[in-house]
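Visitor: File name query.txt; file contents compact mmCIF, C-alpha atoms; full text below.
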# COMPACT_ATOMS: atom_id res chain seq x y z
CA GLY I 27 -6.03 -1.48 -16.27
CA THR I 28 -8.03 -0.13 -13.33
CA GLU I 29 -6.44 0.73 -10.00
CA THR I 30 -7.53 -1.49 -7.15
CA GLY I 31 -6.54 -1.67 -3.51
CA GLY I 32 -7.16 -2.62 0.06
CA VAL I 33 -6.44 -1.82 3.68
CA ARG I 34 -3.56 -3.35 5.65
CA SER I 35 -4.18 -4.17 9.28
CA GLY I 36 -2.08 -5.71 11.99
CA MET I 37 -0.23 -5.13 15.21
CA LEU I 38 2.41 -2.80 16.56
CA TRP I 39 5.31 -4.39 18.43
CA ARG I 40 8.31 -3.12 20.34
CA ASP I 41 11.74 -4.62 19.84
CA THR I 42 13.05 -4.37 23.39
CA VAL I 43 16.64 -5.02 22.33
CA ALA I 44 16.77 -2.35 19.62
CA GLY I 45 14.29 -0.09 21.39
CA GLU I 46 12.28 0.35 18.21
CA ILE I 47 8.64 -0.07 17.30
CA PHE I 48 7.68 -2.07 14.23
CA ALA I 49 4.45 -2.93 12.50
CA GLU I 50 3.46 -6.46 11.54
CA ILE I 51 0.90 -6.53 8.75
CA THR I 52 -1.31 -9.55 9.42
CA ALA I 53 -4.24 -8.95 7.07
CA GLN I 54 -5.08 -7.43 3.77
CA ILE I 55 -8.72 -6.45 3.46
CA PRO I 56 -9.96 -5.78 -0.09
CA ALA I 57 -11.24 -2.24 -0.56
CA GLU I 58 -14.76 -2.93 -1.70
CA HIS I 59 -17.08 -0.15 -2.89
CA THR I 60 -14.23 1.92 -4.33
CA SER I 61 -14.34 4.00 -7.45
CA GLY I 62 -11.38 3.35 -9.70
CA SER I 63 -9.95 4.38 -13.02
CA ASN I 64 -6.60 3.66 -14.64
CA VAL I 65 -5.06 6.63 -12.76
CA LYS I 66 -6.98 6.92 -9.50
CA LEU I 67 -8.60 4.88 -6.72
CA THR I 68 -11.18 6.53 -4.48
CA PHE I 69 -12.18 5.05 -1.13
CA THR I 70 -15.85 5.72 -0.29
CA PRO I 71 -17.66 5.78 3.07
CA GLU I 72 -18.96 2.31 2.20
CA THR I 73 -15.35 1.14 1.80
CA TRP I 74 -14.50 2.15 5.37
CA THR I 75 -17.72 0.58 6.72
CA ALA I 76 -16.83 -2.73 5.06
CA VAL I 77 -13.24 -2.65 6.34
CA ASP I 78 -14.40 -1.89 9.90
CA ALA I 79 -16.85 -4.82 9.70
CA ALA I 80 -14.11 -7.16 8.46
CA LEU I 81 -11.81 -6.17 11.34
CA ARG I 82 -14.60 -6.75 13.86
CA LEU I 83 -15.20 -10.22 12.39
CA ARG I 84 -11.49 -11.09 12.73
CA ARG I 85 -11.58 -10.31 16.49
CA ARG I 86 -7.80 -9.97 16.78
CA GLY I 87 -7.49 -6.41 18.06
CA GLU I 88 -5.78 -5.29 14.86
CA THR I 89 -5.40 -1.66 13.91
CA TYR I 90 -5.27 0.10 10.56
CA LEU I 91 -1.62 0.07 9.49
CA GLY I 92 -2.07 1.49 6.01
CA TYR I 93 -3.27 0.68 2.56
CA TRP I 94 -2.14 -0.77 -0.73
CA HIS I 95 -3.13 -0.01 -4.26
CA SER I 96 -2.04 -0.84 -7.76
CA HIS I 97 -0.43 1.32 -10.41
CA PRO I 98 -1.26 -0.14 -13.84
CA VAL I 99 1.90 1.35 -15.35
CA ARG I 100 1.74 -0.88 -18.44
CA VAL I 101 -1.62 0.73 -19.32
CA TRP I 102 -0.26 4.24 -18.76
CA CYS I 103 2.75 3.51 -20.97
CA LYS I 104 0.67 1.85 -23.67
CA GLY I 105 -1.48 4.99 -23.89
CA LYS I 106 1.66 7.07 -24.41
CA ALA I 107 3.22 4.53 -26.81
CA CYS I 108 6.37 4.31 -24.66
CA THR I 109 9.06 1.88 -25.73
CA LEU I 110 10.23 -0.81 -23.30
CA GLU I 111 13.56 1.01 -23.03
CA ALA I 112 11.81 4.25 -22.04
CA GLN I 113 9.63 2.40 -19.52
CA GLN I 114 12.67 0.94 -17.76
CA THR I 115 13.95 4.41 -16.86
CA CYS I 116 10.58 6.08 -16.30
CA HIS I 117 9.94 7.45 -12.79
CA LEU I 118 6.37 6.10 -12.97
CA ALA I 119 7.58 2.50 -13.10
CA LYS I 120 8.90 2.37 -9.53
CA ASP I 121 8.58 4.31 -6.29
CA PHE I 122 5.96 6.68 -7.71
CA PHE I 123 3.46 8.13 -5.22
CA SER I 124 1.01 10.63 -6.68
CA ALA I 125 -0.57 13.67 -5.06
CA ASP I 126 -3.84 11.68 -4.84
CA ASP I 127 -1.99 8.79 -3.14
CA ASP I 128 -0.49 11.25 -0.67
CA ALA I 129 -3.92 12.78 0.03
CA VAL I 130 -5.27 9.34 1.02
CA MET I 131 -2.24 8.81 3.25
CA ARG I 132 -2.62 12.18 5.00
CA ALA I 133 -6.39 11.86 5.47
CA ALA I 134 -6.81 8.20 6.43
CA PHE I 135 -3.37 7.05 7.58
CA PRO I 136 -1.56 10.02 9.21
CA ARG I 137 0.30 8.17 11.97
CA ALA I 138 4.06 7.63 11.92
CA TYR I 139 3.61 3.84 11.65
CA ASN I 140 1.13 3.97 8.75
CA VAL I 141 2.41 2.77 5.38
CA ALA I 142 1.22 2.59 1.80
CA ILE I 143 2.33 -0.18 -0.53
CA VAL I 144 2.08 0.26 -4.28
CA ALA I 145 1.96 -2.74 -6.62
CA ASN I 146 3.63 -1.64 -9.86
CA ASP I 147 2.41 -3.51 -12.94
CA THR I 148 4.90 -2.84 -15.72
CA ALA I 149 5.48 -4.37 -19.14
CA PHE I 150 9.19 -5.02 -18.60
CA THR I 151 9.27 -7.00 -15.33
CA ASP I 152 7.18 -8.99 -12.91
CA LEU I 153 5.02 -7.12 -10.43
CA THR I 154 7.16 -4.97 -8.12
CA PHE I 155 6.29 -3.30 -4.83
CA SER I 156 7.15 0.07 -3.35
CA MET I 157 6.40 1.17 0.20
CA PHE I 158 5.88 4.70 1.46
CA GLY I 159 5.53 6.00 4.97
CA ASN I 160 5.30 9.13 7.05
CA ARG I 161 8.57 10.61 8.18
CA GLU I 162 8.69 14.03 9.77
CA GLY I 163 5.41 15.03 8.12
CA VAL I 164 6.43 13.95 4.62
CA THR I 165 5.40 10.78 2.79
CA GLN I 166 8.51 9.17 1.35
CA PRO I 167 9.83 5.76 0.21
CA ARG I 168 10.48 3.29 3.04
CA GLY I 169 12.18 -0.10 3.20
CA PHE I 170 10.38 -3.31 4.12
CA TYR I 171 10.87 -7.04 4.64
CA VAL I 172 8.62 -9.89 3.55
CA LEU I 173 8.58 -12.66 6.14
CA GLU I 174 7.94 -16.18 4.94
CA GLU I 175 5.46 -18.18 6.98
CA ASN I 176 7.20 -20.90 8.98
CA SER I 177 5.95 -24.18 7.55
CA GLY I 178 7.46 -26.23 10.36
CA ALA I 179 9.57 -28.22 7.89
What do you get writing this file as structure tokens?
Guide:
Amino acid sequence: GTETGGVRSGMLWRDTVAGEIFAEITAQIPAEHTSGSNVKLTFTPETWTAVDAALRLRRRGETYLGYWHSHPVRVWCKGKACTLEAQQTCHLAKDFFSADDDAVMRAAFPRAYNVAIVANDTAFTDLTFSMFGNREGVTQPRGFYVLEENSGA
């Protein structure tokens, strides 16, 4: 019932055929030393120190690509006594990015390639994910792909 999160790091690549830049998220570093409640996650100076130390230990030349955090929607809805039917059409259940979420994005991840991923925990479906990114100075929903690791089989 408490929001949690982490920092996404990785590499920027250029698709020479399409002429586009894309980000490959290669690591997810837990956001330690945060202050969280059921409606807010606060990154502290100690959080950023720990993330920087983790990136130095990885020694891969990765950059901050963004962050992720959870939205415990099932807890929010339980507190409001929402029915399952109401939850399925509620704007909080999917693609919801709060003013606090946007403030983190603008302060810590202002670049065009930075993204925020929200893990939506609802009572009516499995965990879902929404991604947001900067576009022309506005944080808005963005599409994404999940690549399966090649097992060599």
Visitor: Skip Glu29 of chain I itself and residues of its chain fewer than 6 positions away, then list as a list in words all residues within 6 Å of it, counting all atoms listed in the file.
Guide: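 The residues that qualify are Gly62, Ser63, Asn64, Leu67 and Ser96 of chain I.
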Visitor: Mind running segment 44-129 of chain I against segment 144-157 of chain I at 9 Å and telling me each contacting residue's nearest atom pair with the distance in Å (one decimal), counting all atoms listed in the file, chain and number ascending, as a tab-separated table?
Guide:
residue	atom	partner	partner_atom	distance
I:Tyr93	CA	I:Val144	CA	8.7
I:Trp94	CA	I:Val144	CA	5.6
I:His95	CA	I:Val144	CA	5.2
I:Ser96	CA	I:Ala145	CA	4.6
I:His97	CA	I:Asn146	CA	5.1
I:Pro98	CA	I:Asp147	CA	5.1
I:Val99	CA	I:Thr148	CA	5.2
I:Arg100	CA	I:Thr148	CA	4.6
I:Val101	CA	I:Thr148	CA	8.3
I:Cys103	CA	I:Thr148	CA	8.5
I:Leu110	CA	I:Phe150	CA	6.4
I:Glu111	CA	I:Phe150	CA	8.7
I:Gln113	CA	I:Phe150	CA	7.5
I:Gln114	CA	I:Phe150	CA	7.0
I:Leu118	CA	I:Asn146	CA	8.8
I:Ala119	CA	I:Thr148	CA	6.5
I:Lys120	CA	I:Asn146	CA	6.6
I:Asp121	CA	I:Ser156	CA	5.4
I:Phe122	CA	I:Ser156	CA	8.0
I:Phe123	CA	I:Val144	CA	8.0
Visitor: Go ahead and save the residues from that selection, with C-alpha atoms, as a PDB file, in the coordinates of the input.
Guide:
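The result, stored in part27.pdb:
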ATOM      1  CA  TYR I  93      -3.270   0.680   2.560  1.00  0.00           C
ATOM      2  CA  TRP I  94      -2.140  -0.770  -0.730  1.00  0.00           C
ATOM      3  CA  HIS I  95      -3.130  -0.010  -4.260  1.00  0.00           C
ATOM      4  CA  SER I  96      -2.040  -0.840  -7.760  1.00  0.00           C
ATOM      5  CA  HIS I  97      -0.430   1.320 -10.410  1.00  0.00           C
ATOM      6  CA  PRO I  98      -1.260  -0.140 -13.840  1.00  0.00           C
ATOM      7  CA  VAL I  99       1.900   1.350 -15.350  1.00  0.00           C
ATOM      8  CA  ARG I 100       1.740  -0.880 -18.440  1.00  0.00           C
ATOM      9  CA  VAL I 101      -1.620   0.730 -19.320  1.00  0.00           C
ATOM     10  CA  CYS I 103       2.750   3.510 -20.970  1.00  0.00           C
ATOM     11  CA  LEU I 110      10.230  -0.810 -23.300  1.00  0.00           C
ATOM     12  CA  GLU I 111      13.560   1.010 -23.030  1.00  0.00           C
ATOM     13  CA  GLN I 113       9.630   2.400 -19.520  1.00  0.00           C
ATOM     14  CA  GLN I 114      12.670   0.940 -17.760  1.00  0.00           C
ATOM     15  CA  LEU I 118       6.370   6.100 -12.970  1.00  0.00           C
ATOM     16  CA  ALA I 119       7.580   2.500 -13.100  1.00  0.00           C
ATOM     17  CA  LYS I 120       8.900   2.370  -9.530  1.00  0.00           C
ATOM     18  CA  ASP I 121       8.580   4.310  -6.290  1.00  0.00           C
ATOM     19  CA  PHE I 122       5.960   6.680  -7.710  1.00  0.00           C
ATOM     20  CA  PHE I 123       3.460   8.130  -5.220  1.00  0.00           C
TER      21      PHE I 123
END
Visitor: List the neighbours of Val141 of chain I out to 12 Å using only C-alpha atoms; skip same-chain residues closer than 5 positions along the sequence, and give me the result as an mmCIF file with C-alpha atoms, in the frame of the given file.
Guide:
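part_36.cif, freshly written:
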data_model
loop_
_atom_site.group_PDB
_atom_site.id
_atom_site.type_symbol
_atom_site.label_atom_id
_atom_site.label_comp_id
_atom_site.auth_asym_id
_atom_site.auth_seq_id
_atom_site.Cartn_x
_atom_site.Cartn_y
_atom_site.Cartn_z
ATOM 1 C CA VAL I 33 -6.440 -1.820 3.680
ATOM 2 C CA ARG I 34 -3.560 -3.350 5.650
ATOM 3 C CA SER I 35 -4.180 -4.170 9.280
ATOM 4 C CA GLY I 36 -2.080 -5.710 11.990
ATOM 5 C CA PHE I 48 7.680 -2.070 14.230
ATOM 6 C CA ALA I 49 4.450 -2.930 12.500
ATOM 7 C CA GLU I 50 3.460 -6.460 11.540
ATOM 8 C CA ILE I 51 0.900 -6.530 8.750
ATOM 9 C CA TYR I 90 -5.270 0.100 10.560
ATOM 10 C CA LEU I 91 -1.620 0.070 9.490
ATOM 11 C CA GLY I 92 -2.070 1.490 6.010
ATOM 12 C CA TYR I 93 -3.270 0.680 2.560
ATOM 13 C CA TRP I 94 -2.140 -0.770 -0.730
ATOM 14 C CA HIS I 95 -3.130 -0.010 -4.260
ATOM 15 C CA PHE I 123 3.460 8.130 -5.220
ATOM 16 C CA ASP I 127 -1.990 8.790 -3.140
ATOM 17 C CA ASP I 128 -0.490 11.250 -0.670
ATOM 18 C CA VAL I 130 -5.270 9.340 1.020
ATOM 19 C CA MET I 131 -2.240 8.810 3.250
ATOM 20 C CA ARG I 132 -2.620 12.180 5.000
ATOM 21 C CA ALA I 134 -6.810 8.200 6.430
ATOM 22 C CA PHE I 135 -3.370 7.050 7.580
ATOM 23 C CA PRO I 136 -1.560 10.020 9.210
ATOM 24 C CA SER I 156 7.150 0.070 -3.350
ATOM 25 C CA MET I 157 6.400 1.170 0.200
ATOM 26 C CA PHE I 158 5.880 4.700 1.460
ATOM 27 C CA GLY I 159 5.530 6.000 4.970
ATOM 28 C CA ASN I 160 5.300 9.130 7.050
ATOM 29 C CA ARG I 161 8.570 10.610 8.180
ATOM 30 C CA VAL I 164 6.430 13.950 4.620
ATOM 31 C CA THR I 165 5.400 10.780 2.790
ATOM 32 C CA GLN I 166 8.510 9.170 1.350
ATOM 33 C CA PRO I 167 9.830 5.760 0.210
ATOM 34 C CA ARG I 168 10.480 3.290 3.040
ATOM 35 C CA GLY I 169 12.180 -0.100 3.200
ATOM 36 C CA PHE I 170 10.380 -3.310 4.120
#
Visitor: Tell me which protein, DNA and RNA residues are within 10 Å of Trp74 of chain I, counting all atoms listed in the file, leaving out same-chain ones fewer than 5 positions away, and put them as a list in words.
Guide: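 Final neighbour list, sorted by chain and number: Val33, Ala57, Glu58, His59, Thr60, Phe69, Ala79, Ala80 and Ala134 of chain I.
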Visitor: Between I:Ala107, I:Ala142, I:Thr89, I:Pro71, which one has atoms that come closest to Leu38 of chain I, using all atoms listed in the file?
Guide: I:Thr89
Visitor: In Å to one decimal, how far is atom CA of Trp39 of chain I from atom CA of Tyr139 of chain I?
Guide: 10.8 Å
Visitor: One number please: atom CA of Arg84 of chain I to atom CA of Thr70 of chain I, in Å, one decimal.
Guide: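 Atom-to-atom, atom CA of Arg84 of chain I and atom CA of Thr70 of chain I are spaced 21.7 Å apart.
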Visitor: Would you compute the distance between atom CA of Asn140 of chain I and atom CA of Ile47 of chain I? Give it in Å to one decimal.
Guide: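 Pair atom CA of Asn140 of chain I / atom CA of Ile47 of chain I returns 12.1 Å.
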Visitor: Using only C-alpha atoms, pick whichever of I:Met37, I:Lys104, I:Glu162, I:Thr52 has the shortest atom-to-atom distance to Glu175 of chain I.
Guide: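 Under the stated criterion, the closest residue is I:Thr52.
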Visitor: With distances taken over only C-alpha atoms, which residue among I:Ala138, I:Ala112, I:Glu88, I:Gly27 lies nearest Ala53 of chain I?
Guide: I:Glu88
Visitor: Centre and edge lengths, as lines of an AutoDock Vina configuration file, for the axis-aligned box enclosing every listed atom of segment 64-73 of chain I with 8 Å of padding on each of the six sides, in Å to one decimal?
Guide:
center_x = -12.0
center_y = 4.0
center_z = -5.8
size_x = 29.9
size_y = 21.8
size_z = 33.7
Visitor: Give the answer as one residue: which of I:Arg40, I:Glu72, I:Ile143, I:Gly32 has the shortest atom-to-atom distance to Gln54 of chain I, using all atoms listed in the file?
Guide: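 Between I:Arg40, I:Glu72, I:Ile143, I:Gly32, the residue approaching Gln54 of chain I most closely is I:Gly32.
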Visitor: When distances are computed from only C-alpha atoms, which of I:Thr28, I:Lys106, I:Tyr171, I:Asp78 shows the smallest separation from Val65 of chain I?
Guide: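 Using only C-alpha atoms, Val65 of chain I sits closest to I:Thr28.
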Visitor: Taking only C-alpha atoms into account, which of I:Thr109, I:Lys66, I:Thr75, I:Asp41 comes nearest Asp126 of chain I?
Guide: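 Using only C-alpha atoms, Asp126 of chain I sits closest to I:Lys66.
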Visitor: Since the input is missing atoms, can you rebuild all heavy atoms for segment 101-112 of chain I and write them as a PDB file, in the frame of the given file?
Guide:
ATOM      1  N   VAL I 101      -0.522   0.059 -18.621  1.00  0.00           N
ATOM      2  CA  VAL I 101      -1.620   0.730 -19.320  1.00  0.00           C
ATOM      3  C   VAL I 101      -1.272   2.195 -19.572  1.00  0.00           C
ATOM      4  O   VAL I 101      -1.527   2.724 -20.652  1.00  0.00           O
ATOM      5  CB  VAL I 101      -2.934   0.610 -18.497  1.00  0.00           C
ATOM      6  CG1 VAL I 101      -4.042   1.448 -19.108  1.00  0.00           C
ATOM      7  CG2 VAL I 101      -3.355  -0.839 -18.392  1.00  0.00           C
ATOM      8  N   TRP I 102      -0.664   2.841 -18.571  1.00  0.00           N
ATOM      9  CA  TRP I 102      -0.260   4.240 -18.760  1.00  0.00           C
ATOM     10  C   TRP I 102       0.718   4.355 -19.916  1.00  0.00           C
ATOM     11  O   TRP I 102       0.608   5.247 -20.752  1.00  0.00           O
ATOM     12  CB  TRP I 102       0.393   4.803 -17.506  1.00  0.00           C
ATOM     13  CG  TRP I 102      -0.414   4.749 -16.254  1.00  0.00           C
ATOM     14  CD1 TRP I 102      -1.764   4.560 -16.131  1.00  0.00           C
ATOM     15  CD2 TRP I 102       0.081   4.895 -14.918  1.00  0.00           C
ATOM     16  NE1 TRP I 102      -2.130   4.574 -14.810  1.00  0.00           N
ATOM     17  CE2 TRP I 102      -1.027   4.780 -14.045  1.00  0.00           C
ATOM     18  CE3 TRP I 102       1.338   5.099 -14.386  1.00  0.00           C
ATOM     19  CZ2 TRP I 102      -0.896   4.871 -12.663  1.00  0.00           C
ATOM     20  CZ3 TRP I 102       1.469   5.198 -13.011  1.00  0.00           C
ATOM     21  CH2 TRP I 102       0.362   5.084 -12.158  1.00  0.00           C
ATOM     22  N   CYS I 103       1.697   3.457 -19.945  1.00  0.00           N
ATOM     23  CA  CYS I 103       2.750   3.510 -20.970  1.00  0.00           C
ATOM     24  C   CYS I 103       2.193   3.166 -22.352  1.00  0.00           C
ATOM     25  O   CYS I 103       2.613   3.748 -23.353  1.00  0.00           O
ATOM     26  CB  CYS I 103       3.891   2.579 -20.616  1.00  0.00           C
ATOM     27  SG  CYS I 103       4.768   3.105 -19.119  1.00  0.00           S
ATOM     28  N   LYS I 104       1.260   2.232 -22.379  1.00  0.00           N
ATOM     29  CA  LYS I 104       0.670   1.850 -23.670  1.00  0.00           C
ATOM     30  C   LYS I 104      -0.064   3.043 -24.272  1.00  0.00           C
ATOM     31  O   LYS I 104       0.023   3.292 -25.467  1.00  0.00           O
ATOM     32  CB  LYS I 104      -0.296   0.680 -23.478  1.00  0.00           C
ATOM     33  CG  LYS I 104      -0.857   0.124 -24.754  1.00  0.00           C
ATOM     34  CD  LYS I 104      -1.714  -1.101 -24.496  1.00  0.00           C
ATOM     35  CE  LYS I 104      -2.238  -1.681 -25.779  1.00  0.00           C
ATOM     36  NZ  LYS I 104      -3.104  -2.833 -25.538  1.00  0.00           N
ATOM     37  N   GLY I 105      -0.765   3.804 -23.413  1.00  0.00           N
ATOM     38  CA  GLY I 105      -1.480   4.990 -23.890  1.00  0.00           C
ATOM     39  C   GLY I 105      -0.550   6.061 -24.428  1.00  0.00           C
ATOM     40  O   GLY I 105      -0.933   6.862 -25.281  1.00  0.00           O
ATOM     41  N   LYS I 106       0.672   6.082 -23.946  1.00  0.00           N
ATOM     42  CA  LYS I 106       1.660   7.070 -24.410  1.00  0.00           C
ATOM     43  C   LYS I 106       2.599   6.488 -25.460  1.00  0.00           C
ATOM     44  O   LYS I 106       3.523   7.164 -25.897  1.00  0.00           O
ATOM     45  CB  LYS I 106       2.487   7.565 -23.222  1.00  0.00           C
ATOM     46  CG  LYS I 106       1.676   8.360 -22.228  1.00  0.00           C
ATOM     47  CD  LYS I 106       2.553   8.835 -21.098  1.00  0.00           C
ATOM     48  CE  LYS I 106       1.746   9.656 -20.122  1.00  0.00           C
ATOM     49  NZ  LYS I 106       2.583  10.244 -19.087  1.00  0.00           N
ATOM     50  N   ALA I 107       2.392   5.227 -25.823  1.00  0.00           N
ATOM     51  CA  ALA I 107       3.220   4.530 -26.810  1.00  0.00           C
ATOM     52  C   ALA I 107       4.695   4.533 -26.424  1.00  0.00           C
ATOM     53  O   ALA I 107       5.583   4.698 -27.256  1.00  0.00           O
ATOM     54  CB  ALA I 107       3.014   5.106 -28.207  1.00  0.00           C
ATOM     55  N   CYS I 108       4.982   4.345 -25.140  1.00  0.00           N
ATOM     56  CA  CYS I 108       6.370   4.310 -24.660  1.00  0.00           C
ATOM     57  C   CYS I 108       7.039   3.001 -25.069  1.00  0.00           C
ATOM     58  O   CYS I 108       6.430   1.936 -25.014  1.00  0.00           O
ATOM     59  CB  CYS I 108       6.405   4.407 -23.129  1.00  0.00           C
ATOM     60  SG  CYS I 108       5.715   5.913 -22.472  1.00  0.00           S
ATOM     61  N   THR I 109       8.294   3.083 -25.424  1.00  0.00           N
ATOM     62  CA  THR I 109       9.060   1.880 -25.730  1.00  0.00           C
ATOM     63  C   THR I 109       9.430   1.183 -24.414  1.00  0.00           C
ATOM     64  O   THR I 109       9.399   1.796 -23.339  1.00  0.00           O
ATOM     65  CB  THR I 109      10.358   2.232 -26.473  1.00  0.00           C
ATOM     66  OG1 THR I 109      11.197   2.984 -25.584  1.00  0.00           O
ATOM     67  CG2 THR I 109      10.084   3.018 -27.742  1.00  0.00           C
ATOM     68  N   LEU I 110       9.791  -0.090 -24.499  1.00  0.00           N
ATOM     69  CA  LEU I 110      10.230  -0.810 -23.300  1.00  0.00           C
ATOM     70  C   LEU I 110      11.465  -0.148 -22.688  1.00  0.00           C
ATOM     71  O   LEU I 110      11.588  -0.071 -21.469  1.00  0.00           O
ATOM     72  CB  LEU I 110      10.539  -2.276 -23.630  1.00  0.00           C
ATOM     73  CG  LEU I 110       9.332  -3.191 -23.750  1.00  0.00           C
ATOM     74  CD1 LEU I 110       9.771  -4.606 -24.118  1.00  0.00           C
ATOM     75  CD2 LEU I 110       8.533  -3.220 -22.461  1.00  0.00           C
ATOM     76  N   GLU I 111      12.353   0.338 -23.532  1.00  0.00           N
ATOM     77  CA  GLU I 111      13.560   1.010 -23.030  1.00  0.00           C
ATOM     78  C   GLU I 111      13.184   2.257 -22.235  1.00  0.00           C
ATOM     79  O   GLU I 111      13.739   2.520 -21.169  1.00  0.00           O
ATOM     80  CB  GLU I 111      14.505   1.377 -24.186  1.00  0.00           C
ATOM     81  CG  GLU I 111      15.121   0.179 -24.883  1.00  0.00           C
ATOM     82  CD  GLU I 111      14.163  -0.504 -25.872  1.00  0.00           C
ATOM     83  OE1 GLU I 111      13.175   0.114 -26.340  1.00  0.00           O
ATOM     84  OE2 GLU I 111      14.402  -1.691 -26.161  1.00  0.00           O
ATOM     85  N   ALA I 112      12.245   3.032 -22.743  1.00  0.00           N
ATOM     86  CA  ALA I 112      11.810   4.250 -22.040  1.00  0.00           C
ATOM     87  C   ALA I 112      11.116   3.894 -20.731  1.00  0.00           C
ATOM     88  O   ALA I 112      11.293   4.571 -19.720  1.00  0.00           O
ATOM     89  CB  ALA I 112      10.882   5.067 -22.936  1.00  0.00           C
TER      90      ALA I 112
END
